Amino acid sequence: MSIAPFELADTPIIFTPQADLAVLNYIARYIIENDRVDWDFVNEHVRFMEGNVDIGYGLRPEHRLELAAENAEDVAGARDINFERYREFLQQYDADYVTEISGVPKRQLDELAELYADPERRVMSFWTMGFNQHTRGVWANNMIYNIHLLTGKISTPGNSPFSLTGQPSACGTAREVGTFSHRLPADMVVTNDYHRQFAEEVWRVPAGTIQKQPGAHAVLQNRQLKDGVINAYWVQCNNNVQAAANLVEETYPGYRNPDNFIVVSDAYPTVTTELADLILPTAMWVEKEGAYGNAERRTQFWHQMVEAPGESRSDLWQLMEFSKRFQIEEVWPQEMVDANP
């Protein structure tokens with residue numbers, strides 16, 4: 001198989017799966033041991049913390065691996081430490097140890113580390129879903145930032161860590177519009193009383209319409225499809241059956257459950273459309289007007305440039321047409337209907 005970015009690399013590195021975490025710690029150790037820390041930047045801007053380990057794998061709480069994990073219920077737990085404690089932690093990641101578990105020879109480890117350590121070289125670190133959907137994705141992201149923070153190579157021209165995620169849906173619909181289960185538009189959250197009140201006033205809906213309890217997140221939704229808690233499910237902007245976590249155990253069974261009705265909006269056939277009960281042909285970005293969060297996190301608007309083929313319609317058109325098919329009285333609790341005649 002040909003992988004173009006790998007073939008174009010000056011220093012292609014092949015490592016044992018999951019060993020990238022050790023490689024990243026080796027780079028941090030190299031920077032410190034070779035006295036390449038940007039102390040002016042670190043002293044002014046960096047806070048050292050140590051997070052919990054043995055945190056499980058985000059499985060169901062009753063799963064044996066979660067029950068065996070000491071900190072499964074406190075995965076975000078952390079405590080302040082000093083630089084010397086961080087340096088002590090990194091000592092185990094010497095060349096012999098990291099080469100043994102990663103398969104990357106010391107020569108390549110040093111060549112990679114020197115790219116970051118060299119104060120005269122500007123460095124951008126780009127990554128995609130291989131990091132973000134890593135078994136330890138948060139750790140992997142933190143470690144990339146550690147390296148840039150140690151060297152002060154962050155948020156300046158030519159220097160920064162940079163996650164290349166699915167910007168149109170990740171930034172636009174999730175962060176700005178608020179389609180996460182715990183979010184509201186403009187980085188507001190449902191657990192904040194003022195945020196809920198503000199959104200209800202803007203949307204001109206009665207107080208109490210927005211629930212303060214977050215709904216099911218994406219992983220939990222798949223579990224609930226499998227368990228029959230959710231029976232109707234509409235997928236947009238996502239190939240969930242291809243990309244979901246623990247998809248064989250948790251995702252696939254729910255999509256194949258004959259009691260569930262799955263709707264998928266997409267422009268092309270995917271693994272998810274193959275399991276759909278109803279497919280809604282969907283317009284691509286040039287075939288509709290709208291806005292998205294681009295790679296530099298700026299919101300960008302555009303106009304429709306071409307007609308969508310056949311009966312394809314935009315996601316927004318589909319949602320608006322769907323909303324015309326039912327009345328408020330059919331979806332609001334009776335006490336809310338009675339309080340707002």
# chains A, B, ... in the order shown; residues from 1 in each chain; ligands from 1
>>> select_by_dssp(residues="region 195-265 of chain A", states="alpha helix (DSSP H)", output="PyMOL selection string")
chain A and resi 195-203+218-227+240-243+252-256
>>> residues_around(residues="Asn34 (chain A)", least_positions_apart="6", cutoff="12 Å", atoms="only C-alpha atoms", output="list in words")
Tyr26, Ile27, Ala28, Asp110, Ala113, Glu114, Tyr116, Ala117, Asp118, Pro119 and Thr151 of chain A
>>> residues_around(residues="Val42 (chain A)", least_positions_apart="4", cutoff="10 Å", atoms="only C-alpha atoms", output="PDB file with all heavy atoms, in the first residue's frame")
ATOM      1  N   VAL A  37      15.653  23.600  27.068  1.00  0.00           N
ATOM      2  CA  VAL A  37      14.404  24.179  27.569  1.00  0.00           C
ATOM      3  C   VAL A  37      14.442  25.697  27.426  1.00  0.00           C
ATOM      4  O   VAL A  37      15.448  26.342  27.746  1.00  0.00           O
ATOM      5  CB  VAL A  37      14.176  23.802  29.045  1.00  0.00           C
ATOM      6  CG1 VAL A  37      12.929  24.490  29.602  1.00  0.00           C
ATOM      7  CG2 VAL A  37      14.076  22.292  29.188  1.00  0.00           C
ATOM      8  N   ASP A  38      13.367  26.279  26.933  1.00  0.00           N
ATOM      9  CA  ASP A  38      13.240  27.730  26.865  1.00  0.00           C
ATOM     10  C   ASP A  38      12.737  28.207  28.231  1.00  0.00           C
ATOM     11  O   ASP A  38      11.538  28.312  28.473  1.00  0.00           O
ATOM     12  CB  ASP A  38      12.251  28.121  25.757  1.00  0.00           C
ATOM     13  CG  ASP A  38      12.131  29.623  25.564  1.00  0.00           C
ATOM     14  OD1 ASP A  38      12.482  30.382  26.496  1.00  0.00           O
ATOM     15  OD2 ASP A  38      11.665  30.055  24.497  1.00  0.00           O
ATOM     16  N   VAL A  46       4.224  28.225  31.862  1.00  0.00           N
ATOM     17  CA  VAL A  46       3.966  26.783  31.971  1.00  0.00           C
ATOM     18  C   VAL A  46       3.693  26.365  33.417  1.00  0.00           C
ATOM     19  O   VAL A  46       4.395  26.778  34.339  1.00  0.00           O
ATOM     20  CB  VAL A  46       5.149  25.975  31.402  1.00  0.00           C
ATOM     21  CG1 VAL A  46       4.921  24.469  31.617  1.00  0.00           C
ATOM     22  CG2 VAL A  46       5.321  26.269  29.914  1.00  0.00           C
ATOM     23  N   ARG A  47       2.681  25.542  33.580  1.00  0.00           N
ATOM     24  CA  ARG A  47       2.317  24.946  34.868  1.00  0.00           C
ATOM     25  C   ARG A  47       2.446  23.432  34.732  1.00  0.00           C
ATOM     26  O   ARG A  47       1.879  22.830  33.808  1.00  0.00           O
ATOM     27  CB  ARG A  47       0.885  25.321  35.226  1.00  0.00           C
ATOM     28  CG  ARG A  47       0.333  24.675  36.493  1.00  0.00           C
ATOM     29  CD  ARG A  47      -1.135  25.063  36.653  1.00  0.00           C
ATOM     30  NE  ARG A  47      -1.750  24.442  37.814  1.00  0.00           N
ATOM     31  CZ  ARG A  47      -3.055  24.529  38.097  1.00  0.00           C
ATOM     32  NH1 ARG A  47      -3.844  25.233  37.289  1.00  0.00           N
ATOM     33  NH2 ARG A  47      -3.558  23.928  39.155  1.00  0.00           N
ATOM     34  N   PHE A  48       3.164  22.809  35.600  1.00  0.00           N
ATOM     35  CA  PHE A  48       3.395  21.369  35.528  1.00  0.00           C
ATOM     36  C   PHE A  48       2.370  20.627  36.387  1.00  0.00           C
ATOM     37  O   PHE A  48       2.152  20.965  37.541  1.00  0.00           O
ATOM     38  CB  PHE A  48       4.808  21.019  35.990  1.00  0.00           C
ATOM     39  CG  PHE A  48       5.882  21.492  35.050  1.00  0.00           C
ATOM     40  CD1 PHE A  48       6.457  22.752  35.199  1.00  0.00           C
ATOM     41  CD2 PHE A  48       6.297  20.690  34.001  1.00  0.00           C
ATOM     42  CE1 PHE A  48       7.431  23.196  34.326  1.00  0.00           C
ATOM     43  CE2 PHE A  48       7.267  21.125  33.118  1.00  0.00           C
ATOM     44  CZ  PHE A  48       7.843  22.386  33.276  1.00  0.00           C
ATOM     45  N   PHE A  83       8.933  21.128  38.178  1.00  0.00           N
ATOM     46  CA  PHE A  83       9.709  20.680  37.031  1.00  0.00           C
ATOM     47  C   PHE A  83      10.558  19.457  37.365  1.00  0.00           C
ATOM     48  O   PHE A  83      10.685  18.531  36.552  1.00  0.00           O
ATOM     49  CB  PHE A  83      10.599  21.814  36.525  1.00  0.00           C
ATOM     50  CG  PHE A  83      11.562  21.370  35.458  1.00  0.00           C
ATOM     51  CD1 PHE A  83      11.151  21.196  34.153  1.00  0.00           C
ATOM     52  CD2 PHE A  83      12.895  21.118  35.775  1.00  0.00           C
ATOM     53  CE1 PHE A  83      12.040  20.772  33.171  1.00  0.00           C
ATOM     54  CE2 PHE A  83      13.796  20.695  34.811  1.00  0.00           C
ATOM     55  CZ  PHE A  83      13.365  20.527  33.493  1.00  0.00           C
ATOM     56  N   LEU A 149       5.679  23.381  24.505  1.00  0.00           N
ATOM     57  CA  LEU A 149       5.780  24.270  25.659  1.00  0.00           C
ATOM     58  C   LEU A 149       7.194  24.306  26.224  1.00  0.00           C
ATOM     59  O   LEU A 149       7.690  25.366  26.616  1.00  0.00           O
ATOM     60  CB  LEU A 149       4.787  23.848  26.731  1.00  0.00           C
ATOM     61  CG  LEU A 149       3.298  24.080  26.403  1.00  0.00           C
ATOM     62  CD1 LEU A 149       2.416  23.385  27.421  1.00  0.00           C
ATOM     63  CD2 LEU A 149       2.986  25.568  26.345  1.00  0.00           C
ATOM     64  N   LEU A 150       7.845  23.168  26.285  1.00  0.00           N
ATOM     65  CA  LEU A 150       9.216  23.130  26.799  1.00  0.00           C
ATOM     66  C   LEU A 150      10.158  23.989  25.968  1.00  0.00           C
ATOM     67  O   LEU A 150      11.081  24.618  26.501  1.00  0.00           O
ATOM     68  CB  LEU A 150       9.737  21.688  26.817  1.00  0.00           C
ATOM     69  CG  LEU A 150       9.232  20.771  27.923  1.00  0.00           C
ATOM     70  CD1 LEU A 150       9.706  19.339  27.678  1.00  0.00           C
ATOM     71  CD2 LEU A 150       9.693  21.255  29.297  1.00  0.00           C
ATOM     72  N   THR A 151       9.926  24.034  24.671  1.00  0.00           N
ATOM     73  CA  THR A 151      10.816  24.766  23.768  1.00  0.00           C
ATOM     74  C   THR A 151      10.289  26.159  23.423  1.00  0.00           C
ATOM     75  O   THR A 151      10.961  26.907  22.703  1.00  0.00           O
ATOM     76  CB  THR A 151      11.018  23.973  22.469  1.00  0.00           C
ATOM     77  OG1 THR A 151       9.736  23.689  21.883  1.00  0.00           O
ATOM     78  CG2 THR A 151      11.742  22.668  22.741  1.00  0.00           C
ATOM     79  N   GLY A 152       9.099  26.517  23.924  1.00  0.00           N
ATOM     80  CA  GLY A 152       8.519  27.818  23.617  1.00  0.00           C
ATOM     81  C   GLY A 152       8.078  27.946  22.169  1.00  0.00           C
ATOM     82  O   GLY A 152       7.803  29.052  21.695  1.00  0.00           O
TER      83      GLY A 152
END
>>> closest_residue(among="A:Phe180, A:Asn238, A:Leu225, A:Met305", to="Pro269 (chain A)", atoms="only C-alpha atoms")
A:Asn238
>>> atom_distance(atom1="CA of Val263 (chain A)", atom2="CA of Ala276 (chain A)")
5.7 Å
>>> residues_around(residues="Met129 (chain A)", least_positions_apart="5", cutoff="12 Å", atoms="only C-alpha atoms", output="list in words")
His134, Thr135, Arg136, Gly137, Val138, Ala140, Asn141, Ser163, Leu164, Thr165, Gly166, Gln167, Ala170, Ala243 and Ala244 of chain A
>>> write_last_selection(atoms="N, CA and C atoms", output="PDB file, in the first residue's frame")
ATOM      1  N   HIS A 134      -6.931   7.984  19.445  1.00  0.00           N
ATOM      2  CA  HIS A 134      -5.983   7.060  20.058  1.00  0.00           C
ATOM      3  C   HIS A 134      -6.605   6.479  21.330  1.00  0.00           C
ATOM      4  N   THR A 135      -6.197   5.254  21.714  1.00  0.00           N
ATOM      5  CA  THR A 135      -6.652   4.698  22.989  1.00  0.00           C
ATOM      6  C   THR A 135      -6.350   5.649  24.138  1.00  0.00           C
ATOM      7  N   ARG A 136      -5.260   6.385  24.012  1.00  0.00           N
ATOM      8  CA  ARG A 136      -4.901   7.414  24.994  1.00  0.00           C
ATOM      9  C   ARG A 136      -4.775   8.751  24.262  1.00  0.00           C
ATOM     10  N   GLY A 137      -5.856   9.146  23.594  1.00  0.00           N
ATOM     11  CA  GLY A 137      -5.826  10.345  22.763  1.00  0.00           C
ATOM     12  C   GLY A 137      -5.519  11.617  23.524  1.00  0.00           C
ATOM     13  N   VAL A 138      -6.084  11.774  24.721  1.00  0.00           N
ATOM     14  CA  VAL A 138      -5.814  12.970  25.517  1.00  0.00           C
ATOM     15  C   VAL A 138      -4.339  13.016  25.898  1.00  0.00           C
ATOM     16  N   ALA A 140      -1.828  11.644  24.294  1.00  0.00           N
ATOM     17  CA  ALA A 140      -1.032  11.915  23.094  1.00  0.00           C
ATOM     18  C   ALA A 140      -1.047  13.404  22.762  1.00  0.00           C
ATOM     19  N   ASN A 141      -2.227  14.040  22.843  1.00  0.00           N
ATOM     20  CA  ASN A 141      -2.309  15.475  22.599  1.00  0.00           C
ATOM     21  C   ASN A 141      -1.507  16.257  23.630  1.00  0.00           C
ATOM     22  N   SER A 163      -3.942  20.497  15.330  1.00  0.00           N
ATOM     23  CA  SER A 163      -4.785  19.329  15.073  1.00  0.00           C
ATOM     24  C   SER A 163      -5.579  19.542  13.797  1.00  0.00           C
ATOM     25  N   LEU A 164      -5.355  18.674  12.817  1.00  0.00           N
ATOM     26  CA  LEU A 164      -6.076  18.747  11.547  1.00  0.00           C
ATOM     27  C   LEU A 164      -7.300  17.833  11.617  1.00  0.00           C
ATOM     28  N   THR A 165      -8.325  18.288  12.304  1.00  0.00           N
ATOM     29  CA  THR A 165      -9.532  17.475  12.453  1.00  0.00           C
ATOM     30  C   THR A 165     -10.539  17.857  11.388  1.00  0.00           C
ATOM     31  N   GLY A 166     -11.724  17.252  11.472  1.00  0.00           N
ATOM     32  CA  GLY A 166     -12.774  17.553  10.492  1.00  0.00           C
ATOM     33  C   GLY A 166     -13.398  18.895  10.791  1.00  0.00           C
ATOM     34  N   GLN A 167     -12.779  19.950  10.316  1.00  0.00           N
ATOM     35  CA  GLN A 167     -13.181  21.292  10.737  1.00  0.00           C
ATOM     36  C   GLN A 167     -14.647  21.637  10.469  1.00  0.00           C
ATOM     37  N   ALA A 170     -16.477  19.454  13.117  1.00  0.00           N
ATOM     38  CA  ALA A 170     -15.931  19.517  14.472  1.00  0.00           C
ATOM     39  C   ALA A 170     -16.009  20.933  15.033  1.00  0.00           C
ATOM     40  N   ALA A 243     -16.144   4.752  12.075  1.00  0.00           N
ATOM     41  CA  ALA A 243     -15.211   5.472  12.944  1.00  0.00           C
ATOM     42  C   ALA A 243     -15.483   5.337  14.429  1.00  0.00           C
ATOM     43  N   ALA A 244     -16.572   4.721  14.819  1.00  0.00           N
ATOM     44  CA  ALA A 244     -16.944   4.715  16.235  1.00  0.00           C
ATOM     45  C   ALA A 244     -15.981   3.888  17.083  1.00  0.00           C
TER      46      ALA A 244
END
>>> residues_around(residues="Glu73 (chain A)", least_positions_apart="3", cutoff="9 Å", atoms="only C-alpha atoms", output="compact mmCIF listing (two decimals) with all heavy atoms, in the first residue's frame")
# COMPACT_ATOMS: atom_id res chain seq x y z
N ILE A 55 -6.52 4.47 34.23
CA ILE A 55 -7.82 5.11 34.14
C ILE A 55 -8.86 4.29 33.38
O ILE A 55 -9.98 4.76 33.15
CB ILE A 55 -7.70 6.50 33.47
CG1 ILE A 55 -7.09 6.37 32.07
CG2 ILE A 55 -6.89 7.45 34.35
CD1 ILE A 55 -7.05 7.67 31.30
N GLY A 56 -8.50 3.07 32.98
CA GLY A 56 -9.45 2.27 32.21
C GLY A 56 -9.46 2.68 30.75
O GLY A 56 -8.55 3.37 30.27
N PRO A 61 -19.21 0.90 32.58
CA PRO A 61 -18.71 0.85 33.97
C PRO A 61 -18.59 -0.55 34.53
O PRO A 61 -17.72 -0.82 35.36
CB PRO A 61 -19.74 1.68 34.74
CG PRO A 61 -20.35 2.58 33.72
CD PRO A 61 -20.35 1.80 32.44
N GLU A 66 -12.77 -1.89 33.32
CA GLU A 66 -13.10 -0.68 34.08
C GLU A 66 -13.12 -0.97 35.58
O GLU A 66 -12.64 -0.17 36.39
CB GLU A 66 -14.47 -0.13 33.62
CG GLU A 66 -14.52 0.25 32.17
CD GLU A 66 -13.48 1.29 31.80
OE1 GLU A 66 -13.49 2.39 32.39
OE2 GLU A 66 -12.63 0.99 30.95
N ALA A 69 -9.60 -1.02 36.92
CA ALA A 69 -8.82 0.22 36.84
C ALA A 69 -8.99 1.05 38.11
O ALA A 69 -10.11 1.35 38.52
CB ALA A 69 -9.23 1.03 35.62
N GLU A 70 -7.90 1.44 38.69
CA GLU A 70 -7.94 2.16 39.95
C GLU A 70 -8.62 3.52 39.84
O GLU A 70 -9.32 3.96 40.76
CB GLU A 70 -6.51 2.34 40.49
CG GLU A 70 -6.43 3.08 41.81
CD GLU A 70 -5.00 3.24 42.30
OE1 GLU A 70 -4.08 2.67 41.67
OE2 GLU A 70 -4.80 3.95 43.31
N ALA A 76 -9.91 12.34 34.79
CA ALA A 76 -9.34 13.67 34.60
C ALA A 76 -8.60 14.17 35.84
O ALA A 76 -8.13 15.31 35.87
CB ALA A 76 -10.43 14.67 34.23
>>> residues_around(residues="Tyr93 (chain A)", least_positions_apart="5", cutoff="9 Å", atoms="only C-alpha atoms", output="MDAnalysis selection string")
chainID A and resid 22:23 25:26 29 98
>>> closest_residue(among="A:Thr282, A:Thr209, A:Asn222, A:Thr191", to="Ser312 (chain A)", atoms="only C-alpha atoms")
A:Thr282
>>> residues_around(residues="Phe162 (chain A)", least_positions_apart="5", cutoff="10 Å", atoms="only C-alpha atoms", output="PyMOL selection string")
chain A and resi 124-128+141+144-145+154-155+295-296
>>> closest_residue(among="A:Phe261, A:Asn192, A:Ile31, A:Gly58", to="Val219 (chain A)", atoms="only C-alpha atoms")
A:Gly58
>>> select_by_dssp(residues="region 92-169 of chain A", states="strand (DSSP E)", output="list in words")
Met124, Ser125, Phe126, Trp127, Ser160, Pro161, Phe162 and Ser163 of chain A
>>> atom_distance(atom1="CA of Val331 (chain A)", atom2="CA of Gln224 (chain A)")
20.4 Å
>>> atom_distance(atom1="CA of Val104 (chain A)", atom2="CA of His148 (chain A)")
21.6 Å
